[in-house]
Structure formats: C-alpha cells, structure tokens
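Heads up, entry.cif below (mmCIF, C-alpha atoms):
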data_coords
loop_
_atom_site.label_atom_id
_atom_site.label_comp_id
_atom_site.auth_asym_id
_atom_site.auth_seq_id
_atom_site.Cartn_x
_atom_site.Cartn_y
_atom_site.Cartn_z
CA MET A 1 0.00 0.00 0.00
CA ARG A 2 1.07 3.56 -0.54
CA LEU A 3 1.45 5.91 2.38
CA LYS A 4 2.27 9.59 2.29
CA LEU A 5 4.91 9.85 4.96
CA ASN A 6 6.10 13.32 6.01
CA GLY A 7 5.17 14.56 2.55
CA ASP A 8 6.73 11.75 0.51
CA ILE A 9 4.94 8.72 -0.91
CA SER A 10 6.40 5.30 -0.03
CA GLU A 11 5.32 1.67 -0.38
CA PHE A 12 4.61 -0.42 2.72
CA LYS A 13 3.12 -3.82 3.35
CA GLU A 14 -0.62 -4.07 4.00
CA GLY A 15 -2.03 -4.03 7.52
CA LEU A 16 0.84 -2.14 9.14
CA THR A 17 0.08 -0.56 12.51
CA VAL A 18 1.57 2.76 13.63
CA ALA A 19 3.78 0.86 16.10
CA GLU A 20 5.07 -1.40 13.30
CA LEU A 21 5.69 1.57 11.02
CA LEU A 22 7.77 3.32 13.69
CA LYS A 23 9.72 0.11 14.28
CA GLU A 24 10.37 -0.30 10.56
CA LEU A 25 11.65 3.28 10.41
CA SER A 26 13.75 2.78 13.59
CA ILE A 27 11.94 5.65 15.32
CA GLU A 28 11.59 5.52 19.10
CA PRO A 29 8.00 6.36 20.07
CA ARG A 30 9.32 8.46 22.97
CA GLY A 31 9.56 12.12 22.01
CA VAL A 32 7.58 11.88 18.79
CA ALA A 33 3.99 12.61 17.83
CA VAL A 34 2.14 10.87 15.01
CA GLU A 35 -0.70 12.27 12.98
CA VAL A 36 -2.75 10.19 10.53
CA ASN A 37 -4.93 12.17 8.13
CA MET A 38 -4.61 15.25 10.39
CA ALA A 39 -5.73 13.38 13.54
CA ILE A 40 -3.26 12.77 16.35
CA ILE A 41 -2.81 9.12 17.32
CA LYS A 42 -2.24 8.71 21.05
CA LYS A 43 0.76 6.61 22.04
CA HIS A 44 -1.40 3.88 23.60
CA GLU A 45 -3.18 3.47 20.25
CA TYR A 46 -0.01 2.89 18.21
CA GLY A 47 -0.28 -0.90 18.52
CA ARG A 48 -3.85 -1.14 17.32
CA HIS A 49 -4.14 1.68 14.80
CA VAL A 50 -3.93 -0.05 11.41
CA LEU A 51 -2.83 2.12 8.49
CA LYS A 52 -4.71 2.09 5.20
CA ASP A 53 -3.67 2.66 1.60
CA GLY A 54 -3.55 6.39 0.87
CA ASP A 55 -3.15 7.47 4.50
CA SER A 56 -1.23 10.67 5.06
CA ILE A 57 1.11 10.37 8.04
CA GLU A 58 3.14 13.00 9.81
CA ILE A 59 5.78 12.06 12.37
CA VAL A 60 7.25 15.00 14.28
CA ASN A 61 9.75 15.53 17.06
CA PHE A 62 11.45 18.41 18.82
CA VAL A 63 14.27 20.32 17.14
CA GLY A 64 16.24 23.38 18.16
CA GLY A 65 14.09 26.52 18.24
CA GLY A 66 13.56 29.75 20.11
CA MET B 1 15.94 34.68 49.60
CA ASP B 2 12.76 32.94 48.52
CA ASP B 3 12.10 34.44 45.13
CA LYS B 4 10.69 31.75 42.89
CA LEU B 5 8.84 32.04 39.64
CA ILE B 6 5.70 29.91 39.67
CA ILE B 7 3.34 29.53 36.72
CA LYS B 8 0.25 27.37 37.20
CA GLY B 9 1.90 25.50 40.03
CA ILE B 10 5.08 24.83 38.07
CA GLU B 11 8.15 26.14 39.86
CA PHE B 12 10.94 27.61 37.75
CA LYS B 13 14.37 27.87 39.30
CA SER B 14 15.78 30.21 36.69
CA ARG B 15 14.42 33.51 35.43
CA LEU B 16 16.43 33.12 32.26
CA TRP B 17 14.74 30.94 29.66
CA VAL B 18 16.78 29.88 26.68
CA GLY B 19 16.03 28.79 23.13
CA THR B 20 17.85 25.93 21.41
CA GLY B 21 17.90 27.22 17.82
CA LYS B 22 20.78 28.41 15.65
CA TYR B 23 23.64 26.68 17.49
CA LYS B 24 26.59 25.19 15.60
CA ASP B 25 25.77 21.70 16.87
CA PHE B 26 24.01 19.92 19.73
CA GLU B 27 27.16 19.90 21.84
CA GLU B 28 27.40 23.69 21.69
CA THR B 29 23.68 23.87 22.52
CA ARG B 30 24.24 21.68 25.57
CA ARG B 31 27.22 23.70 26.81
CA ALA B 32 25.52 27.08 26.30
CA ILE B 33 22.39 25.95 28.09
CA GLU B 34 24.39 24.59 30.97
CA ALA B 35 26.38 27.85 31.23
CA SER B 36 23.17 29.91 31.24
CA GLY B 37 21.99 28.19 34.41
CA THR B 38 18.48 27.88 32.97
CA ASP B 39 15.99 25.15 33.71
CA VAL B 40 13.65 26.00 30.80
CA VAL B 41 14.49 25.49 27.16
CA THR B 42 12.31 26.19 24.15
CA VAL B 43 12.12 23.79 21.21
CA ALA B 44 10.33 23.71 17.87
CA VAL B 45 8.15 20.93 16.45
CA ARG B 46 9.27 19.64 13.06
CA ARG B 47 9.12 16.53 10.88
CA VAL B 48 11.35 13.64 11.93
CA ASN B 49 14.12 12.94 9.46
CA ILE B 50 12.79 9.63 8.13
CA PHE B 51 15.69 8.70 5.92
CA ASP B 52 18.68 9.64 8.05
CA ARG B 53 18.02 7.73 11.24
CA LYS B 54 21.60 8.19 12.37
CA SER B 55 21.03 11.91 12.87
CA GLU B 56 21.04 12.72 16.56
CA ASN B 57 18.10 13.90 18.61
CA LEU B 58 18.09 17.19 20.50
CA LEU B 59 16.67 15.46 23.57
CA ASP B 60 19.79 13.27 23.74
CA TYR B 61 21.62 16.48 24.68
CA ILE B 62 18.91 18.30 26.64
CA ASP B 63 17.76 15.96 29.37
CA PRO B 64 14.00 16.48 29.96
CA LYS B 65 14.54 15.38 33.56
CA LYS B 66 16.88 18.31 34.09
CA TYR B 67 15.18 20.93 31.93
CA LYS B 68 11.54 21.89 31.42
CA ILE B 69 10.83 21.59 27.72
CA LEU B 70 8.79 24.49 26.36
CA PRO B 71 7.66 23.73 22.80
CA ASN B 72 6.78 26.62 20.52
CA THR B 73 4.52 27.07 17.53
CA ALA B 74 7.14 29.05 15.63
CA GLY B 75 6.53 29.34 11.91
CA CYS B 76 2.74 29.19 12.27
CA TYR B 77 0.87 31.96 10.47
CA THR B 78 -2.69 30.76 11.09
CA VAL B 79 -4.71 29.81 14.16
CA GLU B 80 -5.29 26.32 12.68
CA ASP B 81 -1.56 25.70 12.23
CA ALA B 82 -0.75 26.98 15.71
CA LEU B 83 -3.38 24.68 17.24
CA ARG B 84 -2.08 21.72 15.22
CA TYR B 85 1.53 22.29 16.29
CA ALA B 86 0.54 22.85 19.92
CA ARG B 87 -1.43 19.60 20.05
CA LEU B 88 1.41 17.67 18.40
CA ALA B 89 3.85 19.21 20.87
CA ARG B 90 1.76 18.08 23.82
CA GLU B 91 1.58 14.56 22.41
CA ALA B 92 5.35 14.44 21.75
CA GLY B 93 6.27 15.98 25.09
CA ILE B 94 5.41 15.53 28.68
CA SER B 95 3.67 18.71 29.70
CA ASP B 96 0.89 21.13 28.84
CA LEU B 97 3.28 24.06 28.43
CA ILE B 98 3.16 25.83 25.09
CA LYS B 99 4.91 28.96 23.89
CA LEU B 100 2.21 30.14 21.53
CA GLU B 101 3.21 32.01 18.40
CA VAL B 102 0.87 33.08 15.64
CA ILE B 103 3.00 35.13 13.30
CA GLY B 104 1.48 37.92 11.27
CA ASP B 105 4.31 39.13 9.08
CA GLU B 106 7.35 37.46 7.57
CA LYS B 107 9.69 40.41 7.68
CA THR B 108 9.13 41.56 11.25
CA LEU B 109 7.83 38.25 12.68
CA PHE B 110 5.44 40.38 14.70
CA PRO B 111 2.53 38.41 16.10
CA ASP B 112 -0.91 38.35 14.52
CA VAL B 113 -2.60 39.34 17.76
CA CYS B 114 -6.13 38.58 16.53
CA GLY B 115 -5.12 35.01 15.74
CA LEU B 116 -3.07 34.79 18.91
CA LEU B 117 -6.05 35.73 21.04
CA ARG B 118 -8.28 33.10 19.42
CA ALA B 119 -5.63 30.37 19.68
CA THR B 120 -4.97 31.28 23.33
CA GLU B 121 -8.64 30.92 24.19
CA ILE B 122 -8.99 27.54 22.47
CA LEU B 123 -5.80 26.03 23.89
CA ALA B 124 -6.45 27.30 27.42
CA LYS B 125 -9.85 25.56 27.30
CA GLU B 126 -8.07 22.36 26.22
CA GLY B 127 -5.96 22.52 29.37
CA PHE B 128 -2.78 23.93 27.90
CA ILE B 129 -0.60 26.26 29.94
CA VAL B 130 -0.51 28.95 27.30
CA LEU B 131 2.40 31.39 27.21
CA PRO B 132 1.68 33.68 24.25
CA TYR B 133 4.40 35.60 22.42
CA THR B 134 2.80 39.00 21.93
CA ASN B 135 3.41 42.64 21.13
CA ASP B 136 4.42 45.14 23.79
CA ASP B 137 0.79 46.24 23.89
CA PRO B 138 -0.77 46.54 27.37
CA VAL B 139 -4.33 46.20 26.07
CA MET B 140 -3.54 43.01 24.17
CA ALA B 141 -1.68 41.61 27.18
CA GLN B 142 -4.85 42.13 29.22
CA ARG B 143 -7.01 40.47 26.56
CA LEU B 144 -4.69 37.46 26.47
CA VAL B 145 -4.92 37.07 30.24
CA ASP B 146 -8.72 37.29 30.01
CA ALA B 147 -8.59 34.58 27.31
CA GLY B 148 -6.73 32.24 29.66
CA ALA B 149 -3.03 32.92 29.14
CA SER B 150 -0.95 31.72 32.12
CA ALA B 151 1.73 34.34 31.45
CA VAL B 152 2.28 36.98 28.81
CA MET B 153 5.45 37.22 26.78
CA PRO B 154 5.78 40.64 25.18
CA LEU B 155 8.60 41.12 22.73
CA ALA B 156 11.46 43.50 23.51
CA ALA B 157 12.05 44.00 19.79
CA PRO B 158 11.70 41.84 16.63
CA ILE B 159 12.88 38.23 17.03
CA GLY B 160 16.61 37.93 16.47
CA SER B 161 17.06 41.71 16.06
CA GLY B 162 19.15 42.28 19.20
CA LEU B 163 17.71 45.79 19.54
CA GLY B 164 16.86 45.44 23.22
CA ILE B 165 13.73 46.78 24.91
CA ARG B 166 12.29 49.32 22.47
CA ASN B 167 9.44 50.42 24.67
CA PRO B 168 10.24 50.04 28.36
CA TYR B 169 7.25 52.21 29.29
CA ASN B 170 4.81 49.81 27.66
CA ILE B 171 6.50 46.89 29.41
CA LYS B 172 6.11 48.80 32.68
CA ILE B 173 2.40 49.31 32.05
CA ILE B 174 1.98 45.63 31.17
CA LEU B 175 3.73 44.75 34.44
CA GLU B 176 1.53 47.08 36.46
CA GLN B 177 -1.67 45.59 35.07
CA ALA B 178 -0.79 41.92 34.68
CA LYS B 179 -2.16 39.38 37.13
CA VAL B 180 0.11 36.74 35.58
CA PRO B 181 3.89 36.59 35.16
CA VAL B 182 5.39 38.76 32.42
CA ILE B 183 8.28 37.30 30.46
CA VAL B 184 10.11 39.42 27.93
CA ASP B 185 10.54 37.27 24.86
CA ALA B 186 12.65 38.06 21.82
CA GLY B 187 14.79 40.95 20.66
CA VAL B 188 17.36 41.28 23.41
CA GLY B 189 20.94 41.60 22.23
CA THR B 190 23.25 41.56 25.19
CA ALA B 191 23.48 41.32 28.97
CA SER B 192 22.48 44.93 29.68
CA ASP B 193 19.21 44.45 27.75
CA VAL B 194 18.38 41.51 30.00
CA ALA B 195 19.28 43.50 33.11
CA VAL B 196 16.98 46.35 31.97
CA ALA B 197 14.07 43.92 31.55
CA MET B 198 14.62 42.46 35.00
CA GLU B 199 15.08 45.89 36.62
CA LEU B 200 11.70 46.91 35.20
CA GLY B 201 10.25 44.05 37.20
CA CYS B 202 9.77 41.39 34.52
CA ASP B 203 9.44 37.88 35.91
CA ALA B 204 11.81 36.32 33.39
CA VAL B 205 13.50 36.81 30.03
CA LEU B 206 13.41 34.36 27.15
CA LEU B 207 16.14 34.62 24.53
CA ASN B 208 17.89 32.57 21.89
CA THR B 209 19.81 34.46 19.21
CA ALA B 210 21.59 36.74 21.70
CA ILE B 211 23.43 33.67 22.99
CA ALA B 212 23.49 31.39 19.95
CA GLY B 213 24.61 34.17 17.62
CA ALA B 214 27.33 35.60 19.89
CA GLU B 215 30.94 35.05 18.88
CA ASP B 216 31.40 33.00 22.04
CA PRO B 217 27.97 31.59 22.95
CA ILE B 218 29.20 29.93 26.13
CA ALA B 219 30.65 33.19 27.49
CA MET B 220 27.49 35.08 26.49
CA ALA B 221 25.32 32.47 28.21
CA THR B 222 27.32 33.06 31.39
CA ALA B 223 26.93 36.84 30.99
CA MET B 224 23.16 36.45 30.58
CA LYS B 225 22.95 34.31 33.69
CA HIS B 226 24.59 37.05 35.75
CA ALA B 227 22.55 39.80 34.07
CA VAL B 228 19.27 38.16 35.06
CA ILE B 229 20.42 37.71 38.64
CA ALA B 230 21.78 41.29 38.83
CA GLY B 231 18.66 42.80 37.26
CA ARG B 232 16.31 40.86 39.51
CA LEU B 233 18.24 41.79 42.66
CA ALA B 234 18.34 45.45 41.63
CA TYR B 235 14.57 45.38 41.10
CA LEU B 236 13.96 43.79 44.49
CA ALA B 237 16.44 46.13 46.16
CA GLY B 238 14.51 49.20 44.96
CA ARG B 239 16.56 51.67 43.02
CA ILE B 240 17.03 55.33 43.95
CA PRO B 241 14.80 57.84 42.19
CA LYS B 242 16.31 59.64 39.21
CA LYS B 243 17.09 63.32 39.89
CA LEU B 244 18.29 66.07 37.62
CA TYR B 245 20.83 67.61 40.03
CA ALA B 246 23.62 66.29 42.20
CA THR B 247 23.40 65.21 45.83
CA ALA B 248 26.81 65.06 47.49
CA SER B 249 27.85 61.72 48.89
CA SER B 250 30.46 63.20 51.24
CA PRO B 251 29.43 65.38 54.22
CA ILE B 252 29.86 69.15 54.17
CA GLU B 253 30.40 69.06 57.95
CA GLY B 254 34.03 68.93 59.04
CA MET B 255 35.34 70.58 55.92
CA LEU B 256 38.28 72.99 56.38
#
As structure tokens:
Amino acid sequence: MRLKLNGDISEFKEGLTVAELLKELSIEPRGVAVEVNMAIIKKHEYGRHVLKDGDSIEIVNFVGGG
Amino acid sequence: MDDKLIIKGIEFKSRLWVGTGKYKDFEETRRAIEASGTDVVTVAVRRVNIFDRKSENLLDYIDPKKYKILPNTAGCYTVEDALRYARLAREAGISDLIKLEVIGDEKTLFPDVCGLLRATEILAKEGFIVLPYTNDDPVMAQRLVDAGASAVMPLAAPIGSGLGIRNPYNIKIILEQAKVPVIVDAGVGTASDVAVAMELGCDAVLLNTAIAGAEDPIAMATAMKHAVIAGRLAYLAGRIPKKLYATASSPIEGML
C-alpha cells in the first residue's frame, strides 16, 4: 500500500500498525507525535491503529528553536 | 531569599529561559544551556528525518529530567496551524506548556494578535498552559490574560534583532496591570538588555539568538545568567529615584 509519509509517498506492506511503522523506520515512540490524516494518534493506540492505503502520516519531534 | 517564579503551580528555578535554535551543533547547545543556568528550554516541532536515522536527537543532549521543555509554535501563520503544532507538541512531550506564536508578518515576525487571542482561548480551554508571544501592547496583554493565558510574553524587539527593549514604558504598564507573570521574549541583544528587563520588574527573560549568535555563545550564556540575577536583585532592592541635580555623597560638615 502507498502511504504519504512526512510529505513523501512510499510503499509499505498491508495491515501495518503505527507501532510497526515506527519500528520499521527505527523511530523511538518516545519524544515523537504521530498524525494520521490530520488526527493525532495517542501513544497507547499505536499498537492497534492499522494504516490504510492512501493514509497521510506525519511524524514530528522536537528540534532546536527559540 | 525565597524568590521563585511559579506559573500554574510549576516552579521555575531560573528567570532566564533559553532557546535551542541556531547553534553550531548539539554539543554547543548543551554547553551554552548549561552555562546559562536555565531550567527552561524552548524547542520547535518539526518533521522527523525519516531517511537519516543516524542523525542525533536534540533530547539526547537536553535531558528532559533536568530541563523543562517548552515547545513553541514558531513558523505558524494561522490559528489552525498553531493549534495543530501545539497539540502535536503536547503529544510528543510531557507537559501542557506551550509557547504560543501566531505570526502575522514574515519580515518583522510580529505576532498576529487577533489570531493569537483566538488560539490562546482555544488552547487554554483544552488545558494547555498557554504562554503567548505578543506585542508590547498593554491592552492586548490584558485580553490574552482574560482569554486564559498563564503568562504573557511581550517582545522586547523583533525576534533575532538584538535591539533590546524598544518600549520600556509599555513593558512597565503591562507589568503594572498583569495578574500573571510577564516574560520578555525576543529581541534582546546583550546582557544589559536583559538586566533592563529584569530591573523593570519582569518575571523572566526568554532569549535565543543573543546567545546562539554571539561570537562565544558559552561566554554570552554566562553573561546572561549574571545579568538576570543582577537585574532581579536590583529590582527587588529598589533603586534610587532619578534626579536632575547632584546630591553630594560626602558630608559638608568637618570641611576645612
């Protein structure tokens, strides 16, 4: 399935959960926030939120800023 | 002396708050922040670098157990964007603190105060501890407090300009009226600017470029630390009134 991930389209296997996606990308859930189609996914939902073809996902973290 | 800054039950040890942008690298960020003596650092919310997973994380250098992390909504020009970034920040972080920015103009980075007011009201209702970056406008400061702001953060001058406090009289009026802490945010250039803000009676100063952009950021961070302490003490000590003419310090009595 195709996912739009931080603005870029990539191919992923069907039925991936948010937790599995983060693992595949080697991203620690601590210190990040995940949005799927503009809705924030709470950390405790990562394991059961299944991604669908065409989903738009944003993964953000903290960077230097004033 | 018991002189602590408390906002919504959160106790801040330092009255100098420091940004983490524009440093050469994370190591310099870490050293400057340590030298500043702060316990509050601001951060921005941005996309994770998906493809370069070896790139280091800011929070590996700034321990959230040691420092309070204050996320901002920098770069947001609409209420919707500011709300989105604030909510993401809360999810990524560990607290309800948000330094709220709704920018109105690219060149000056002055706030869009209409948008700021609306965003403040919405986020305060959602339980955020909203610290809005605003103009040095006493009326707007009052409106923000009425809308639920937990502190107000008037600018000294445009972000990154280093011009220092352009309108100390407005800051003084804001201080007189405010029922919440007042934190001067943005525009200070050097230690004396910070001291002026603290001598006026501000509760804290938030700065970034003045340290990060200095030739020696670590030395400037140390200077800022002392300036905040000096300014605060001078404020608490109560300065002498300004007079036009001299008053001799040595007695006339006993002169030959």
*Would you write out, as number ranges by chain, every residue that the PyMOL selection byres ((chain B) within 10 of (chain A)) captures in this file?*
B: 17-23, 25-26, 29, 41-54, 57-59, 69-74, 84-85, 87-94, 99, 159-160, 185-186, 206-209
Requested write-out: C-alpha atoms of the selected residues, as a PDB file, keeping the file's coordinate frame:
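For reference, part_7.pdb as written:
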ATOM      1  CA  TRP B  17      14.740  30.940  29.660  1.00  0.00           C
ATOM      2  CA  VAL B  18      16.780  29.880  26.680  1.00  0.00           C
ATOM      3  CA  GLY B  19      16.030  28.790  23.130  1.00  0.00           C
ATOM      4  CA  THR B  20      17.850  25.930  21.410  1.00  0.00           C
ATOM      5  CA  GLY B  21      17.900  27.220  17.820  1.00  0.00           C
ATOM      6  CA  LYS B  22      20.780  28.410  15.650  1.00  0.00           C
ATOM      7  CA  TYR B  23      23.640  26.680  17.490  1.00  0.00           C
ATOM      8  CA  ASP B  25      25.770  21.700  16.870  1.00  0.00           C
ATOM      9  CA  PHE B  26      24.010  19.920  19.730  1.00  0.00           C
ATOM     10  CA  THR B  29      23.680  23.870  22.520  1.00  0.00           C
ATOM     11  CA  VAL B  41      14.490  25.490  27.160  1.00  0.00           C
ATOM     12  CA  THR B  42      12.310  26.190  24.150  1.00  0.00           C
ATOM     13  CA  VAL B  43      12.120  23.790  21.210  1.00  0.00           C
ATOM     14  CA  ALA B  44      10.330  23.710  17.870  1.00  0.00           C
ATOM     15  CA  VAL B  45       8.150  20.930  16.450  1.00  0.00           C
ATOM     16  CA  ARG B  46       9.270  19.640  13.060  1.00  0.00           C
ATOM     17  CA  ARG B  47       9.120  16.530  10.880  1.00  0.00           C
ATOM     18  CA  VAL B  48      11.350  13.640  11.930  1.00  0.00           C
ATOM     19  CA  ASN B  49      14.120  12.940   9.460  1.00  0.00           C
ATOM     20  CA  ILE B  50      12.790   9.630   8.130  1.00  0.00           C
ATOM     21  CA  PHE B  51      15.690   8.700   5.920  1.00  0.00           C
ATOM     22  CA  ASP B  52      18.680   9.640   8.050  1.00  0.00           C
ATOM     23  CA  ARG B  53      18.020   7.730  11.240  1.00  0.00           C
ATOM     24  CA  LYS B  54      21.600   8.190  12.370  1.00  0.00           C
ATOM     25  CA  ASN B  57      18.100  13.900  18.610  1.00  0.00           C
ATOM     26  CA  LEU B  58      18.090  17.190  20.500  1.00  0.00           C
ATOM     27  CA  LEU B  59      16.670  15.460  23.570  1.00  0.00           C
ATOM     28  CA  ILE B  69      10.830  21.590  27.720  1.00  0.00           C
ATOM     29  CA  LEU B  70       8.790  24.490  26.360  1.00  0.00           C
ATOM     30  CA  PRO B  71       7.660  23.730  22.800  1.00  0.00           C
ATOM     31  CA  ASN B  72       6.780  26.620  20.520  1.00  0.00           C
ATOM     32  CA  THR B  73       4.520  27.070  17.530  1.00  0.00           C
ATOM     33  CA  ALA B  74       7.140  29.050  15.630  1.00  0.00           C
ATOM     34  CA  ARG B  84      -2.080  21.720  15.220  1.00  0.00           C
ATOM     35  CA  TYR B  85       1.530  22.290  16.290  1.00  0.00           C
ATOM     36  CA  ARG B  87      -1.430  19.600  20.050  1.00  0.00           C
ATOM     37  CA  LEU B  88       1.410  17.670  18.400  1.00  0.00           C
ATOM     38  CA  ALA B  89       3.850  19.210  20.870  1.00  0.00           C
ATOM     39  CA  ARG B  90       1.760  18.080  23.820  1.00  0.00           C
ATOM     40  CA  GLU B  91       1.580  14.560  22.410  1.00  0.00           C
ATOM     41  CA  ALA B  92       5.350  14.440  21.750  1.00  0.00           C
ATOM     42  CA  GLY B  93       6.270  15.980  25.090  1.00  0.00           C
ATOM     43  CA  ILE B  94       5.410  15.530  28.680  1.00  0.00           C
ATOM     44  CA  LYS B  99       4.910  28.960  23.890  1.00  0.00           C
ATOM     45  CA  ILE B 159      12.880  38.230  17.030  1.00  0.00           C
ATOM     46  CA  GLY B 160      16.610  37.930  16.470  1.00  0.00           C
ATOM     47  CA  ASP B 185      10.540  37.270  24.860  1.00  0.00           C
ATOM     48  CA  ALA B 186      12.650  38.060  21.820  1.00  0.00           C
ATOM     49  CA  LEU B 206      13.410  34.360  27.150  1.00  0.00           C
ATOM     50  CA  LEU B 207      16.140  34.620  24.530  1.00  0.00           C
ATOM     51  CA  ASN B 208      17.890  32.570  21.890  1.00  0.00           C
ATOM     52  CA  THR B 209      19.810  34.460  19.210  1.00  0.00           C
TER      53      THR B 209
END
*Selection: 9 Å around Pro158 (chain B), all atoms listed in the file, excl. self and same-chain fewer than 3 positions, as a list in words*: Thr108, Leu109, Phe110, Leu155, Ser161, Gly162, Leu163, Ala186, Gly187 and Val188 of chain B
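The gap separating CA of Phe128 (chain B) from CA of Thr78 (chain B) is 18.1 Å, in Å to one decimal.
Of the listed residues (B:Met140, B:Ile98, B:Ala204, B:Leu131), B:Met140 comes nearest to Ile173 (chain B); the distances count all atoms listed in the file.
The nearest approach to Leu233 (chain B) among the residues B:Lys66, B:Lys8, B:Arg15, B:Arg118, with all atoms listed in the file taken into account, belongs to B:Arg15.
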_CA of Val152 (chain B) to CA of Asp63 (chain B), distance in Å rounded to a single decimal_ = 26.1 Å
*asked:* Once the PyMOL selection byres ((chain B and resi 235) around 7) has been evaluated on this model, what residues remain selected, and can you format them as a VMD selection string?
replied: chain B and resid 198 to 201 231 to 234 236 to 239
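Close contacts of Asp53 (chain A), defined as residues with an atom at most 8 Å away when counting only C-alpha atoms, with chain neighbours fewer than 2 positions off set aside, comprise Met1, Arg2, Leu3, Glu14, Leu51 and Asp55 of chain A.
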Could you write out that same residue set with C-alpha atoms as an mmCIF file, in the frame of the given file?
data_model
loop_
_atom_site.group_PDB
_atom_site.id
_atom_site.type_symbol
_atom_site.label_atom_id
_atom_site.label_comp_id
_atom_site.auth_asym_id
_atom_site.auth_seq_id
_atom_site.Cartn_x
_atom_site.Cartn_y
_atom_site.Cartn_z
ATOM 1 C CA MET A 1 0.000 0.000 0.000
ATOM 2 C CA ARG A 2 1.070 3.560 -0.540
ATOM 3 C CA LEU A 3 1.450 5.910 2.380
ATOM 4 C CA GLU A 14 -0.620 -4.070 4.000
ATOM 5 C CA LEU A 51 -2.830 2.120 8.490
ATOM 6 C CA ASP A 55 -3.150 7.470 4.500
#
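You can rank A:Ile57, A:Lys52, A:Asn37, A:Gly47 by their closest distance to Ala19 (chain A) using all atoms listed in the file, and at the top of that list sits A:Gly47.
Taking CA of Ala119 (chain B) and CA of Pro181 (chain B) as endpoints, the distance between them is 19.2 Å.
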Find the smallest box with edges along x, y and z containing every listed atom of region 44-60 of chain A, then add 8 Å on each side and report centre and edge lengths in Å to one decimal, as AutoDock Vina command-line options.
--center_x 1.3 --center_y 6.9 --center_z 12.2 --size_x 28.0 --size_y 32.1 --size_z 38.7
*Check which residues satisfy the PyMOL selection byres ((chain B and resi 10) around 12) in the file shown, then give them as number ranges by chain.*
B: 4-9, 11-13, 39-40, 68, 95-97, 129, 150
Your completed region 15-29 of chain A with N, CA and C atoms, as a PDB file, keeping the file's coordinate frame:
ATOM      1  N   GLY A  15      -1.669  -3.696   6.139  1.00  0.00           N
ATOM      2  CA  GLY A  15      -2.030  -4.030   7.520  1.00  0.00           C
ATOM      3  C   GLY A  15      -1.053  -3.564   8.580  1.00  0.00           C
ATOM      4  N   LEU A  16      -0.176  -2.657   8.205  1.00  0.00           N
ATOM      5  CA  LEU A  16       0.840  -2.140   9.140  1.00  0.00           C
ATOM      6  C   LEU A  16       0.168  -1.269  10.223  1.00  0.00           C
ATOM      7  N   THR A  17       0.574  -1.455  11.459  1.00  0.00           N
ATOM      8  CA  THR A  17       0.080  -0.560  12.510  1.00  0.00           C
ATOM      9  C   THR A  17       1.084   0.597  12.658  1.00  0.00           C
ATOM     10  N   VAL A  18       0.670   1.620  13.392  1.00  0.00           N
ATOM     11  CA  VAL A  18       1.570   2.760  13.630  1.00  0.00           C
ATOM     12  C   VAL A  18       2.821   2.276  14.360  1.00  0.00           C
ATOM     13  N   ALA A  19       2.637   1.393  15.347  1.00  0.00           N
ATOM     14  CA  ALA A  19       3.780   0.860  16.100  1.00  0.00           C
ATOM     15  C   ALA A  19       4.758   0.142  15.177  1.00  0.00           C
ATOM     16  N   GLU A  20       4.207  -0.654  14.253  1.00  0.00           N
ATOM     17  CA  GLU A  20       5.070  -1.400  13.300  1.00  0.00           C
ATOM     18  C   GLU A  20       5.787  -0.458  12.339  1.00  0.00           C
ATOM     19  N   LEU A  21       5.076   0.585  11.926  1.00  0.00           N
ATOM     20  CA  LEU A  21       5.690   1.570  11.020  1.00  0.00           C
ATOM     21  C   LEU A  21       6.883   2.236  11.704  1.00  0.00           C
ATOM     22  N   LEU A  22       6.688   2.651  12.958  1.00  0.00           N
ATOM     23  CA  LEU A  22       7.770   3.320  13.690  1.00  0.00           C
ATOM     24  C   LEU A  22       8.957   2.371  13.843  1.00  0.00           C
ATOM     25  N   LYS A  23       8.664   1.102  14.107  1.00  0.00           N
ATOM     26  CA  LYS A  23       9.720   0.110  14.280  1.00  0.00           C
ATOM     27  C   LYS A  23      10.498  -0.057  12.968  1.00  0.00           C
ATOM     28  N   GLU A  24       9.753  -0.150  11.880  1.00  0.00           N
ATOM     29  CA  GLU A  24      10.370  -0.300  10.560  1.00  0.00           C
ATOM     30  C   GLU A  24      11.271   0.898  10.222  1.00  0.00           C
ATOM     31  N   LEU A  25      10.875   2.066  10.684  1.00  0.00           N
ATOM     32  CA  LEU A  25      11.650   3.280  10.410  1.00  0.00           C
ATOM     33  C   LEU A  25      12.721   3.538  11.475  1.00  0.00           C
ATOM     34  N   SER A  26      12.833   2.636  12.451  1.00  0.00           N
ATOM     35  CA  SER A  26      13.750   2.780  13.590  1.00  0.00           C
ATOM     36  C   SER A  26      13.532   4.093  14.344  1.00  0.00           C
ATOM     37  N   ILE A  27      12.265   4.428  14.561  1.00  0.00           N
ATOM     38  CA  ILE A  27      11.940   5.650  15.320  1.00  0.00           C
ATOM     39  C   ILE A  27      11.402   5.242  16.682  1.00  0.00           C
ATOM     40  N   GLU A  28      12.050   5.750  17.718  1.00  0.00           N
ATOM     41  CA  GLU A  28      11.590   5.520  19.100  1.00  0.00           C
ATOM     42  C   GLU A  28      10.293   6.285  19.323  1.00  0.00           C
ATOM     43  N   PRO A  29       9.255   5.632  19.834  1.00  0.00           N
ATOM     44  CA  PRO A  29       8.000   6.360  20.070  1.00  0.00           C
ATOM     45  C   PRO A  29       8.153   7.511  21.083  1.00  0.00           C
TER      46      PRO A  29
END
